[in-house]
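Take a look at the structure below.
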Number of protein chains: 4
Amino acid sequence: MKVLLTGFDPFGGESVNPAFEAIKLLPSTIAGAEIVYVEIPTEFKKSAPAVEAAIKEHNPDIVINVGQAGGRSCVTVEKVGINLADARIPDNAGDQPLDEPLQADGPTGYFATIPVNAMVQNVRAHGLPCHVSFTAGTYVCNCVMYNVLHMCATKYTNIRAGFIHVPYACDQVVDKANGMASMPLETIAKSLEYCVEAVVNNTEDVKETMGTTH
Amino acid sequence: MKVLLTGFDPFGGESVNPAFEAIKLLPSTIAGAEIVYVEIPTEFKKSAPAVEAAIKEHNPDIVINVGQAGGRSCVTVEKVGINLADARIPDNAGDQPLDEPLQADGPTGYFATIPVNAMVQNVRAHGLPCHVSFTAGTYVCNCVMYNVLHMCATKYTNIRAGFIHVPYACDQVVDKANGMASMPLETIAKSLEYCVEAVVNNTEDVKETMGTTH
Amino acid sequence: MKVLLTGFDPFGGESVNPAFEAIKLLPSTIAGAEIVYVEIPTEFKKSAPAVEAAIKEHNPDIVINVGQAGGRSCVTVEKVGINLADARIPDNAGDQPLDEPLQADGPTGYFATIPVNAMVQNVRAHGLPCHVSFTAGTYVCNCVMYNVLHMCATKYTNIRAGFIHVPYACDQVVDKANGMASMPLETIAKSLEYCVEAVVNNTEDVKETMGTTH
Amino acid sequence: MKVLLTGFDPFGGESVNPAFEAIKLLPSTIAGAEIVYVEIPTEFKKSAPAVEAAIKEHNPDIVINVGQAGGRSCVTVEKVGINLADARIPDNAGDQPLDEPLQADGPTGYFATIPVNAMVQNVRAHGLPCHVSFTAGTYVCNCVMYNVLHMCATKYTNIRAGFIHVPYACDQVVDKANGMASMPLETIAKSLEYCVEAVVNNTEDVKETMGTTH
């Protein structure tokens, strides 16, 4: 089994992206599955094509895109990507789509096809906080999540896919407002490793409430 | 034009639901449109049928369901409902669905068909905070939002619909943890009024970024 | 009985200060006590002298200084002022003291001599959130609190004094980050009124825990 | 040079106290200073006497008490202890003082005599978030901070002292609300080590704003 992980290049004024930095710390195999990874641009137009190029090159069974969610306090596994691009800040190419669909004829949303509950459960079983998130936002992270799930639903139907958001790394918040959440890069990487392990080991998701009242 | 508003009965140990209390403070007409409202149960099974019964009785042009999002600091307009029921706590009938679809053959999500950006813009224009939310959770609020949009997509195609979340009313948080967010009921009602006004006055939504990076 | 209230002029890029705006909404008498108020500058050097000038002019029994605590979600009553000036941003005169004492020979701190627990209790009894705060920061708010308590301990020993922080008014946060806390000016004013009422009616404070574990 | 560190036993329903767990991970010398540590009870009456017993046994130059501040996102160095005991929950002996002084004839507050700015600066220089806190609360943490500073001001005048608060360890928040802040125990220990290093290396504090507007 082969798992393709992707991380974005830095955006929003940051000099690193903890998603890609953490991915680089992962072992070369997890639960017997081979791990390959690529960096992709934080751009609405080029990000999903960059994932598709990596799919063609590596022929993975599983694709997990990873992005930064600055301000969240732990790794979160996204449940759903939506057909919406609405950029509060320009992307790294200067594009700033406003309230536009990502796929003119695409469905409103796609659920992740990786087992999000089992992933969260496995991270927690190792003593680290983790939870399911029900919004990946409306920026490039959601764009890649939605577009990759669309791609897998229509062209690469054997691939399971999904998205993980990671917090700021500790050194990113040293100069930010007091109390801004962060996590050591090594802890982010461990969380990702337990997520991947659960994906490799679970074809079906587990029944355990990860829901929110709002 | 006629607008049907619904509010839930209290849940989660609260003795009132600020959604319904605020609705009762609204004027009988807004921007020339007639306002009617009903209370619906905080139950996965009975909530959407209660809305449908009110649709049949009142024959509205617009349906807006309103619910409590305890902990949020202002009124938020929901962009999307998803085909998922995952209850952290039992509903008022004791049901607690875990990671189940709301409609076995329904699409993954529905976008609100009311102009969410224009609604937020109008509340803000009156000096009150407001923002678009991209998750209505996985409890009864999302259940009603999704099911009513499904109903309107399949059976009541002339009706525009959507969902608004309101904060705790002030008196609900007096005994909660220091710093818990709340809003006076009158301010919640004013926010709702400006939302409804924007729905009545805007068939198309406005282009203004209300997005989030995550 | 006469109560002197003070509010600051705007600072930190704001065009209004909700403290002074709310004070202007108060009735001319509360619980039989006459209310007088003055605006004071957000300056380390001139703020306490401005309060002293008003004390000399009005000869009050009670002095309550009120300031903005942007980001807090409700009115908070300060328990203690400390002998420290440490300015993250320059004050309105351009002064920016770093880790300096306010009074070279002053004690480390002064507790408010108004009944903070009774004040919070009375606001809550009217259905509004309120809590005691154990830090007024290290900026001009703390400067005035400490210096006025010092003045009352050494020169105006019949005057009881203290400090109240108020949240942003709603219209101040319309353009800030989604979810920033605020309160309608009228609700802030009501909270202040109940605070003043409790000061007038309680010479001694009540025993009720308002404490925090940290 | 010898540094005495203290950590509390668990309280508030927790099975561990990350303060003491992190202290146990520290090296036996930091910046050439010998490190000794003791566990003290989370009790208003017995905690400061336990510190004094350790002072008599170890004859330290520096005393740093460390406690848990559940909900904070990083290590914080306390600037001031206040003469107030006000317990929201009973301590581990069942005592619950309400709005009482810690020392009947003690001053209102004591500033830490360790260089809090230099400590925060050193942690940040190693890429970890840290900030000064201006309230240690009104529970046993503040009780120990105030009483130890009182003891050092009156009886052990050669000893410099202060207090550090640490976040929940990661495994403490796995079952708490989504998004609750935490830090790996190793990262807490590293932060404490950099704090101690700065205390050993700086007799005087550095001038750098660590202040807050409120």
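Each chain in the structure tokens gets a letter, A, B, ..., in the order shown, and its residues are numbered from 1; ligands are numbered from 1 in order too.
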Residue list for chain A near chain C as a PDB file with C-alpha atoms, in the first residue's frame, 12 Å, only C-alpha atoms:
ATOM      1  CA  ARG A  88     -10.182  36.570   2.381  1.00  0.00           C
ATOM      2  CA  ALA A 177      -0.390  37.642  20.262  1.00  0.00           C
ATOM      3  CA  ASN A 178       0.024  36.137  23.746  1.00  0.00           C
TER       4      ASN A 178
END
- Query: Excluding same-chain residues fewer than 6 positions from Ala161 in chain B, what lies within 12 Å of it counting only C-alpha atoms, as a PyMOL selection string?
  - Reply: chain B and resi 3-6+51+55+60-66+77-81+110-116+144-153+196+199-200+203
- Item | strand (DSSP E or B) call set, DSSP backbone run, range 2-114 of chain B, as number ranges by chain | B: 2-8, 29-30, 33-40, 62-68, 70, 72, 75-78, 80-82, 85, 100, 109-111
- Message: Give me, as a list in words, all polymer residues having an atom no more than 9 Å from Gly7 in chain C, counting only C-alpha atoms and skipping those fewer than 2 positions away in the same chain.
- Response: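 Final neighbour list, sorted by chain and number: Leu5, Asp9, Asn17, Pro18, Ala19, Phe20, Glu21, Ala22, Ile23, Tyr37, Val38, Glu39, Ile40, Pro41, Asn65, Val66, Gly67 and Gln68 of chain C.
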- Near Lys176 in chain C, counting only C-alpha atoms, which residues have an atom at most 10 Å away, once you skip same-chain residues fewer than 5 positions from it, shown as an NGL selection string? (:B and (129)) or (:C and (171 or 181))
Could you write out the selected residues, including C-alpha atoms, as a short mmCIF file (atom, residue, chain, number, x, y, z; two decimals), in the first residue's frame?
data_model
loop_
_atom_site.label_atom_id
_atom_site.label_comp_id
_atom_site.auth_asym_id
_atom_site.auth_seq_id
_atom_site.Cartn_x
_atom_site.Cartn_y
_atom_site.Cartn_z
CA PRO B 129 -21.24 42.02 14.34
CA ASP C 171 -20.04 48.72 16.17
CA ALA C 181 -16.54 39.83 21.54
#
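Proximity of B:Leu128, B:Val140, B:Val206, B:Met1 to Gln172 in chain C, computed with only C-alpha atoms, is greatest for B:Leu128.
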- Task: Using only C-alpha atoms, determine which residues lie at most 12 Å from range 125-127 of chain A, disregarding the query and same-chain residues fewer than 2 positions distant; provide the list as a list of chain:residue names.
- Result: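 Returned residues: A:Ala118, A:Met119, A:Val120, A:Gln121, A:Asn122, A:Val123, A:Pro129, A:Cys130, A:Thr187, A:Lys190, A:Ser191, A:Leu192, A:Glu193, A:Tyr194, A:Cys195, A:Glu197, A:Ala198, D:Ala169, D:Cys170, D:Asp171, D:Gln172, D:Val173, D:Val174, D:Asp175, D:Ser182, D:Met183, D:Pro184, D:Leu185.
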- Item | Atom pair CA of Thr76 in chain C / CA of Thr212 in chain C: separation (Å) |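 Those two atoms sit 13.5 Å apart.
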